[in-house]
Amino acid sequence: MNMLSKAFASVLLGATLLSQPVLAETPPNMLVVGLSMNNILTLDPAAITGKETVQVLANIYDNLVALDAVNRSQVDPQLAESWTISDDKTTITFKLRDGATFASGNPVTSADVVWSLKRLMKLNLAQASFLKTHGFSAANADASFSAPDEHTVVVKLPKKVDPELIVMTLGIVGPGSVLDMKTVMGHDKNGDLGQAWLTNNSAGSGPFTLSQWASNERVILDRNDKYWGDKPAMRRVMFRHLAESQSQRLMLQKGDIDVAYTLSASDLKALETDKNITIQTNGGSGFYYLAVSMKDERFKNPKVREALRYLIDYKGLNDSVLPYFGKLRDRPVPAGIFGALPNAGYTLDVAKAKKLLAEAGYPDGFSTTLRAISDAPFMNVATAIQATLAQGGIKADITTGTGDQVYGAMRERKYELVVGRGGGGQLPHPDSNMRAIVYNPDNSDEAKLTNFQGWRTSFYDAKLNKMIDEAVVETDHDKQIKEYQDIQTYYADMMPAIQPFSEVVDSVGYRSDVKGLVLNPSWSTQLRTVTKSR
Amino acid sequence: MTNERLSAFTRQAGTILATLCGLLILTFCIGRLMPVDPVRAIVGEEADQATYNLVAERIGANLPIWQQFFRYVGDLLHGDFGTSIRTGQPVITDILHVMPATIELATFAIIFGAGFGVPLGILAAVKRNKPIDHTIRFLTLIGHSMPIFWTGMIGLIIFYAALDLVGGGGRISDFYVGLVPETTGFVLIDSIMAGDWEVFGDAVNHLILPASILGYSSMAYITRMTRSFMLDQLNQEYITTARVKGLSKGRTIWRHAFANIRVQLVTIVALAYGSLLEGAVLIETVFSWPGFGQYITNNMLIGDMNAVMTCVLIVGVIFIALNLLSDALYKIFDPRTR
């Protein structure tokens with residue numbers, strides 16, 4: 001017994017002696033950001049996917065232009081100090097600012113910009129889709145992008161499209177990121193245009209450079225002392241992989257991290273009362289929606305789709321299930337984007353829905369399946385919608401799964417109902433939303449237009465496609481606004497297969513002494529303006 | 001005699017190879033049955049079919065499953081474990097980076113688990129049905145039945161957030177990142193080699209809580225098994241005989257009863273250690289510990305089969321090695337098996 005007691009005492013004493021007081025606060029010139037890095041698979045701007053990677057790369061790479069964080073329709077100069085659009089709306093000419101250099105010390109020239117864009121199209125990876133949608137391709141890249149002199153970049157539009165939309169696209173981190181051609185090509189391996197090297201290295205001109213990326217562990221950015229703009233206050237930014245929202249919350253409260261990017265709604269709510277923490281919510285990208293497959297005979301019937309519209313509790317969902325993540329929106333264009341109509345004002349109206357279902361030949365409702373990703377908030381939304389559908393007599397069995405299971409089924413067109421999220425929005429132009437969730441140029445199965453959510457629902461309307469194609473090339477801005485408003489009205493009358501009930505918003509929590517953090521709806525939140533007063 | 005040994009060795013090597021092959025085939029099949037698409041993980045939700053096909057071809061996902069399998073095995077035989085989708089690095093490089101984190105965690109956990117578990121198990125057996133036995137059994141029941149991620153979170157709330165005794169997530173505080181060169185990958189060893197005791201102390205601070213919680217879970221299992229083995233021995237007639245012959249209680253317990261359960265305990269502890277090495281994913285997630293468990297799980301979730309298969313192979317090798325080790329220890333502790 002004595003021996004055992006001594007053993008316990010020794011272990012406890014040893015543990016106590018080895019422990020030391022913990023450094024509770026981050027250094028004053030270093031910003032520590034907690035987020036989940038599960039989706040970060042590469043740091044090559046041409047190949048990235050998902051919000052988290054954009055949040056990191058926005059601080060490493062510059063674009064020709066930047067999308068404004070506050071005024072969503074505004075485009076700000078970045079590497080280009082000005083740009084002009086030709087009278088025939090087919091050519092955009094960017095003038096580069098003087099004195100901008102990459103972190104390597106190489107000057108930023110128009111040749112770098114043109115090479116970056118051609119590289120994007122030639123690699124044809126995830127981010128190329130932004131430009132491919134508007135007719136750009138590897139084949140026409142040489143003709144589309146040129147550099148008549150060291151400070152001029154000319155973009156020729158391969159097909160008729162609103163040039164403002166292309167300018168905005170070049171403001172997105174990924175397709176518009178400008179790379180240091182000499183540095184990247186110095187690491188070219190078997191003609192991969194530096195892809196392998198850029199996976200975990202950087203070659204940008206932004207306020208920070210990539211110092212270290214340890215997958216699912218941390219990304220460290222160090223201040224780029226050759227940055228052409230105002231010197232960032234932070235010497236170092238560390239993004240830490242904290243997959244659990246609760247861990248982020250605890251570490252934020254303790255001061256071990258300064259900013260928490262991926263907090264759950266319950267943790268954000270709990271932090272509201274902490275005076276040391278500030279919560280910021282800003283516009284995000286896309287919508288939460290209920291989608292039907294029109295391959296299913298029942299949902300082909302417009303009356304059934306209209307009934308579904310009245311079986312969603314728009315206010316209840318946004319007030320109780322989606323705070324911090326969504327804001328009530330029942331139109332396919334986010335509020336604040338030009339051309340956006342006010343909400344149609346749909347409400348839960350069970351009597352009306354039942355009447356519509358009876359007219360459609362389903363007086364007693366029917367059974368169906370509702371797919372949703374098993375994470376928050378999708379599951380909670382699906383459960384709430386299941387309850388309101390039941391009030392109308394529709395018995396929906398919820399099938400949960402991973403993104404692959406839910407969106408994979410949509411891509412295969414093998415589903416009945418889906419609670420999903422998407423619909424463009426990174427671009428502050430209604431065309432991006434329309435193309436993502438309304439447009440469907442070819443409804444055949446063989447077309448496999450899986451990147452169009454309209455195609456996934458089998459919703460096809462030739463007139464609607466034509467309206468979208470016409471609106472994007474309209475040169476008179478006022479007329480264009482009117483055309484987008486008409487599209488929204490027409491879309492609503494068509495009883496769409498995708499009914500948005502909320503537009504995505506982003507919420508972050510940060511220490512109250514962190515100043516200058518402004519969330520960008522295009523995900524490209526800049527940390528160069530951030531200061532800490534401690 | 002030599003021939004006998006050779007044939008025993010061949011038999012054992014054959015069994016090991018067959019086990020590893022079976023493991024590979026099973027993992028590959030499970031990986032393919034899982035509804036995950038590695039190509040989609042790379043190209044994202046918005047990519048069109050052309051981009052999808054391009055990437056599928058690049059990573060070989062367009063090939064029939066059997067071809068993918070044989071391609072992987074072929075590369076494996078050439079010593080190429082493939083490249084990870086998640087990091088773009090050779091899988092072996094990744095594993096060499098994450099493995100030290102897990103070994104550090106698991107080793108401390110097993111020291112804690114066995115260090116407390118074995119004495120507590122003996123104590124509970126000796127004091128059978130006394131209050132101390134009930135207390136130990138209650139404590140081990142909690143350790144055995146509580147979900148480890150929950151225990152981890154509660155541990156963080158109490159010891160990190162409220163009492164400020166230990167570090168939060170990660171292996172060291174952000175302030176110390178990069179201060180000590182990564183020579184072995186073991187932060188504790190690297191900091192000792194660099195003579196940086198501040199980093200060492202900080203690393204211990206971060207390690208102590210996840211290791212204790214993981215160790216508590218192992219301890220629960222080891223205690224219960226030790227108690228059961230000891231009770232079995234204490235009920236044997238030779239124990240009564242020893243006591244009748246005048247041997248002290250302490251000597252009877254340690255010299256006779258404990259000596260007879262050492263062999264079983266070695267197996268239990270070795271298997272518990274093996275489980276800790278591959279199965280600490282939940283605690284690694286809660287404590288943002290960049291270890292092997294998280295690596296295998298995250299790669300499984302995006303269908304990165306090169307990484308998953310290599311990890312499974314390593315787990316297989318670990319368990320085989322631990323079994324061989326426990327066989328060797330059997331021979332040392334139990335002369336009858338020689």
# chains A, B, ... in the order shown; residues from 1 in each chain; ligands from 1
$ interface_residues --of "chain B" --to "chain A" --cutoff "8 Å" --atoms "only C-alpha atoms" --output "short mmCIF file (atom, residue, chain, number, x, y, z; two decimals) with N, CA and C atoms, in the first residue's frame"
data_model
loop_
_atom_site.label_atom_id
_atom_site.label_comp_id
_atom_site.auth_asym_id
_atom_site.auth_seq_id
_atom_site.Cartn_x
_atom_site.Cartn_y
_atom_site.Cartn_z
N PRO B 35 -19.00 6.40 -50.03
CA PRO B 35 -19.48 7.37 -51.01
C PRO B 35 -18.66 8.66 -50.99
N VAL B 36 -17.39 8.54 -51.28
CA VAL B 36 -16.56 9.76 -51.36
C VAL B 36 -15.88 9.78 -52.72
N ASP B 37 -15.68 10.96 -53.22
CA ASP B 37 -15.13 11.11 -54.55
C ASP B 37 -13.89 12.00 -54.46
N ARG B 40 -13.80 14.95 -56.90
CA ARG B 40 -14.66 16.08 -56.54
C ARG B 40 -14.01 16.89 -55.42
N ILE B 42 -10.96 17.46 -55.11
CA ILE B 42 -9.91 18.30 -55.70
C ILE B 42 -10.51 19.43 -56.53
N VAL B 43 -11.51 19.09 -57.36
CA VAL B 43 -11.98 20.10 -58.32
C VAL B 43 -13.07 21.00 -57.75
N GLY B 44 -13.71 20.58 -56.67
CA GLY B 44 -14.74 21.43 -56.07
C GLY B 44 -16.09 21.25 -56.72
N GLU B 45 -17.07 21.89 -56.10
CA GLU B 45 -18.46 21.70 -56.47
C GLU B 45 -18.81 22.34 -57.83
N GLU B 46 -18.11 23.43 -58.17
CA GLU B 46 -18.52 24.20 -59.35
C GLU B 46 -17.85 23.76 -60.65
N ALA B 47 -16.89 22.84 -60.55
CA ALA B 47 -16.12 22.48 -61.75
C ALA B 47 -16.99 21.77 -62.78
N ASP B 48 -16.67 21.98 -64.04
CA ASP B 48 -17.43 21.31 -65.09
C ASP B 48 -16.85 19.92 -65.38
N GLN B 49 -17.52 19.22 -66.30
CA GLN B 49 -17.14 17.83 -66.56
C GLN B 49 -15.73 17.71 -67.14
N THR B 51 -13.03 19.58 -66.57
CA THR B 51 -12.05 19.67 -65.49
C THR B 51 -12.06 18.39 -64.65
N VAL B 55 -8.78 15.81 -64.12
CA VAL B 55 -8.19 15.46 -62.82
C VAL B 55 -8.33 13.96 -62.56
N ILE B 85 -3.28 13.42 -51.89
CA ILE B 85 -4.11 14.45 -52.52
C ILE B 85 -4.14 15.69 -51.64
N ARG B 86 -4.19 15.46 -50.34
CA ARG B 86 -4.37 16.56 -49.40
C ARG B 86 -3.17 17.48 -49.34
N THR B 87 -1.98 16.93 -49.42
CA THR B 87 -0.80 17.78 -49.20
C THR B 87 0.09 17.91 -50.43
N GLY B 88 -0.11 17.05 -51.42
CA GLY B 88 0.76 17.07 -52.59
C GLY B 88 2.14 16.52 -52.28
N PHE B 116 -0.92 3.81 -13.75
CA PHE B 116 -1.98 3.87 -12.74
C PHE B 116 -2.84 2.61 -12.77
N PRO B 119 -1.37 -0.82 -10.83
CA PRO B 119 -1.47 -0.77 -9.35
C PRO B 119 -2.91 -0.69 -8.85
N LEU B 123 -4.77 -3.24 -6.45
CA LEU B 123 -5.36 -2.73 -5.22
C LEU B 123 -6.84 -3.14 -5.12
N MET B 153 -13.32 17.48 -24.01
CA MET B 153 -13.86 18.85 -23.98
C MET B 153 -14.03 19.34 -22.54
N ILE B 157 -12.28 22.51 -20.69
CA ILE B 157 -13.03 23.57 -20.00
C ILE B 157 -12.48 23.75 -18.57
N ALA B 161 -9.46 26.21 -19.63
CA ALA B 161 -10.20 27.47 -19.60
C ALA B 161 -10.37 28.02 -18.18
N ASP B 164 -6.54 27.27 -15.89
CA ASP B 164 -5.34 27.81 -16.53
C ASP B 164 -4.09 26.98 -16.20
N LEU B 165 -4.28 25.69 -16.05
CA LEU B 165 -3.15 24.85 -15.65
C LEU B 165 -2.37 24.28 -16.83
N VAL B 166 -3.09 24.08 -17.94
CA VAL B 166 -2.44 23.43 -19.09
C VAL B 166 -2.70 24.24 -20.36
N GLY B 167 -1.96 23.87 -21.43
CA GLY B 167 -2.14 24.55 -22.70
C GLY B 167 -3.40 24.07 -23.41
N GLY B 168 -3.85 24.84 -24.42
CA GLY B 168 -5.05 24.47 -25.17
C GLY B 168 -4.71 23.52 -26.30
N GLY B 169 -5.29 23.79 -27.47
CA GLY B 169 -5.07 22.89 -28.61
C GLY B 169 -3.66 23.02 -29.18
N SER B 173 2.57 26.25 -27.93
CA SER B 173 1.95 27.56 -28.11
C SER B 173 2.47 28.19 -29.40
N ASP B 174 1.62 29.02 -30.01
CA ASP B 174 1.98 29.65 -31.28
C ASP B 174 3.28 30.43 -31.19
N PHE B 175 3.49 31.00 -30.03
CA PHE B 175 4.67 31.81 -29.80
C PHE B 175 5.96 31.02 -30.06
N GLY B 201 9.00 22.75 -21.70
CA GLY B 201 7.95 22.92 -20.68
C GLY B 201 6.61 23.20 -21.32
N ASP B 202 6.62 24.02 -22.37
CA ASP B 202 5.38 24.36 -23.06
C ASP B 202 4.80 23.11 -23.74
N VAL B 204 5.25 20.01 -22.78
CA VAL B 204 4.71 19.14 -21.73
C VAL B 204 3.32 19.65 -21.31
N ASN B 205 3.21 20.98 -21.22
CA ASN B 205 1.95 21.60 -20.85
C ASN B 205 0.82 21.26 -21.82
N ILE B 208 0.13 17.15 -21.57
CA ILE B 208 -0.29 16.50 -20.33
C ILE B 208 -1.80 16.20 -20.30
N THR B 285 -8.70 15.37 -32.60
CA THR B 285 -9.55 16.42 -33.17
C THR B 285 -9.86 17.48 -32.12
N VAL B 286 -10.28 17.02 -30.93
CA VAL B 286 -10.64 17.98 -29.87
C VAL B 286 -9.43 18.85 -29.50
N PHE B 287 -8.25 18.25 -29.45
CA PHE B 287 -7.06 19.00 -29.03
C PHE B 287 -6.24 19.52 -30.21
N SER B 288 -6.83 19.48 -31.39
CA SER B 288 -6.13 19.95 -32.60
C SER B 288 -4.72 19.39 -32.65
N TRP B 289 -4.61 18.11 -32.39
CA TRP B 289 -3.31 17.45 -32.33
C TRP B 289 -3.03 16.85 -33.70
N PRO B 290 -2.03 17.36 -34.40
CA PRO B 290 -1.84 16.94 -35.79
C PRO B 290 -1.21 15.56 -35.90
N ASN B 298 -9.11 12.09 -41.97
CA ASN B 298 -9.36 13.16 -42.94
C ASN B 298 -9.12 12.69 -44.36
#
$ residues_around --residues "stretch 312-320 of chain B" --least-positions-apart "6" --cutoff "12 Å" --atoms "only C-alpha atoms" --output "PyMOL selection string"
chain B and resi 12-13+15-28+30-31+73+76+81+91-92+95-96+99+103+267+270-279+292-293+295-297+299-300+305-306+326-327
$ residues_around --residues "A:Lys159" --least-positions-apart "3" --cutoff "12 Å" --atoms "only C-alpha atoms" --output "list in words"
Lys89, Thr90, Thr91, Leu131, Lys132, Thr133, His134, Gly135, Phe136, Ser137, Asn140, Ser144, Val155, Lys156, Asp162, Pro163, Ile166, Asp469, Val472 and Val473 of chain A
$ residues_around --residues "A:Leu370" --least-positions-apart "4" --cutoff "9 Å" --atoms "only C-alpha atoms" --output "PyMOL selection string"
chain A and resi 382+386+396-400+415-419
$ select_by_dssp --residues "stretch 117-150 of chain A" --states "strand (DSSP E or B)" --output "ChimeraX atom specification"
/A:145-149
$ write_last_selection --atoms "C-alpha atoms" --output "tab-separated table (two decimals), in the first residue's frame"
chain	number	residue	atom	x	y	z
A	145	PHE	CA	-4.97	38.13	-72.91
A	146	SER	CA	-2.14	40.34	-74.11
A	147	ALA	CA	0.43	42.80	-72.80
A	148	PRO	CA	1.18	45.56	-75.33
A	149	ASP	CA	3.62	47.15	-72.89
$ residues_around --residues "A:Asp98" --least-positions-apart "4" --cutoff "9 Å" --atoms "only C-alpha atoms" --output "ChimeraX atom specification"
/A:79,81,108,151
$ write_last_selection --atoms "C-alpha atoms" --output "PDB file, in the first residue's frame"
ATOM      1  CA  LEU A  79      -2.429  46.109 -59.001  1.00  0.00           C
ATOM      2  CA  GLU A  81      -4.662  51.655 -60.877  1.00  0.00           C
ATOM      3  CA  VAL A 108       4.967  43.144 -61.204  1.00  0.00           C
ATOM      4  CA  HIS A 151       2.182  48.364 -67.695  1.00  0.00           C
TER       5      HIS A 151
END
$ residues_around --residues "A:Ala387" --least-positions-apart "2" --cutoff "12 Å" --atoms "only C-alpha atoms" --output "list in words"
Leu311, Ile312, Asp313, Gly316, Leu317, Leu348, Val350, Leu370, Asn380, Val381, Ala382, Thr383, Ala384, Ile385, Leu389, Ala390, Gln391, Gly392, Gly393, Ile394, Lys395, Ala396, Asp397 and Ile398 of chain A
$ residues_around --residues "A:Ser533" --least-positions-apart "3" --cutoff "12 Å" --atoms "only C-alpha atoms" --output "VMD selection string"
chain A and resid 26 to 31 233 to 234 258 511 to 516 530
$ write_last_selection --atoms "N, CA and C atoms" --output "mmCIF file, in the first residue's frame"
data_model
loop_
_atom_site.group_PDB
_atom_site.id
_atom_site.type_symbol
_atom_site.label_atom_id
_atom_site.label_comp_id
_atom_site.auth_asym_id
_atom_site.auth_seq_id
_atom_site.Cartn_x
_atom_site.Cartn_y
_atom_site.Cartn_z
ATOM 1 N N THR A 26 -1.762 36.031 -27.373
ATOM 2 C CA THR A 26 -0.914 36.013 -28.563
ATOM 3 C C THR A 26 -0.054 37.273 -28.570
ATOM 4 N N PRO A 27 1.126 37.214 -29.194
ATOM 5 C CA PRO A 27 1.983 38.409 -29.225
ATOM 6 C C PRO A 27 1.284 39.574 -29.944
ATOM 7 N N PRO A 28 1.641 40.819 -29.584
ATOM 8 C CA PRO A 28 0.907 41.979 -30.118
ATOM 9 C C PRO A 28 1.040 42.176 -31.623
ATOM 10 N N ASN A 29 2.133 41.697 -32.205
ATOM 11 C CA ASN A 29 2.281 41.910 -33.658
ATOM 12 C C ASN A 29 2.051 40.615 -34.455
ATOM 13 N N MET A 30 1.339 39.717 -33.826
ATOM 14 C CA MET A 30 1.031 38.455 -34.521
ATOM 15 C C MET A 30 -0.461 38.166 -34.375
ATOM 16 N N LEU A 31 -1.104 37.893 -35.496
ATOM 17 C CA LEU A 31 -2.535 37.601 -35.471
ATOM 18 C C LEU A 31 -2.725 36.091 -35.621
ATOM 19 N N ALA A 233 0.320 45.972 -39.974
ATOM 20 C CA ALA A 233 0.756 46.093 -38.579
ATOM 21 C C ALA A 233 1.242 44.753 -38.031
ATOM 22 N N MET A 234 0.676 43.682 -38.567
ATOM 23 C CA MET A 234 1.046 42.365 -38.061
ATOM 24 C C MET A 234 2.305 41.857 -38.771
ATOM 25 N N ASP A 258 -6.868 35.045 -31.855
ATOM 26 C CA ASP A 258 -7.457 36.385 -31.914
ATOM 27 C C ASP A 258 -8.766 36.404 -32.681
ATOM 28 N N ARG A 511 -11.325 38.866 -30.748
ATOM 29 C CA ARG A 511 -11.034 39.627 -29.533
ATOM 30 C C ARG A 511 -11.374 41.094 -29.783
ATOM 31 N N SER A 512 -11.967 41.731 -28.804
ATOM 32 C CA SER A 512 -12.450 43.094 -29.029
ATOM 33 C C SER A 512 -11.325 44.098 -29.256
ATOM 34 N N ASP A 513 -10.081 43.733 -28.877
ATOM 35 C CA ASP A 513 -8.997 44.690 -29.141
ATOM 36 C C ASP A 513 -8.400 44.523 -30.539
ATOM 37 N N VAL A 514 -8.983 43.622 -31.311
ATOM 38 C CA VAL A 514 -8.576 43.509 -32.717
ATOM 39 C C VAL A 514 -9.404 44.499 -33.522
ATOM 40 N N LYS A 515 -8.726 45.391 -34.220
ATOM 41 C CA LYS A 515 -9.441 46.420 -34.990
ATOM 42 C C LYS A 515 -9.102 46.271 -36.470
ATOM 43 N N GLY A 516 -10.000 46.796 -37.294
ATOM 44 C CA GLY A 516 -9.720 46.850 -38.729
ATOM 45 C C GLY A 516 -10.038 45.576 -39.478
ATOM 46 N N VAL A 530 -5.468 44.977 -40.156
ATOM 47 C CA VAL A 530 -5.791 44.595 -38.769
ATOM 48 C C VAL A 530 -4.716 45.084 -37.794
#
$ atom_distance --atom1 "atom CA of A:Leu179" --atom2 "atom CA of A:His429"
25.4 Å
$ atom_distance --atom1 "atom CA of A:Val54" --atom2 "atom CA of A:Val173"
6.1 Å
$ closest_residue --among "B:Leu209, B:Ala307, B:Ile261, B:Leu301" --to "B:Phe112" --atoms "only C-alpha atoms"
B:Leu209
$ atom_distance --atom1 "atom CA of B:Arg224" --atom2 "atom CA of B:Pro147"
17.7 Å
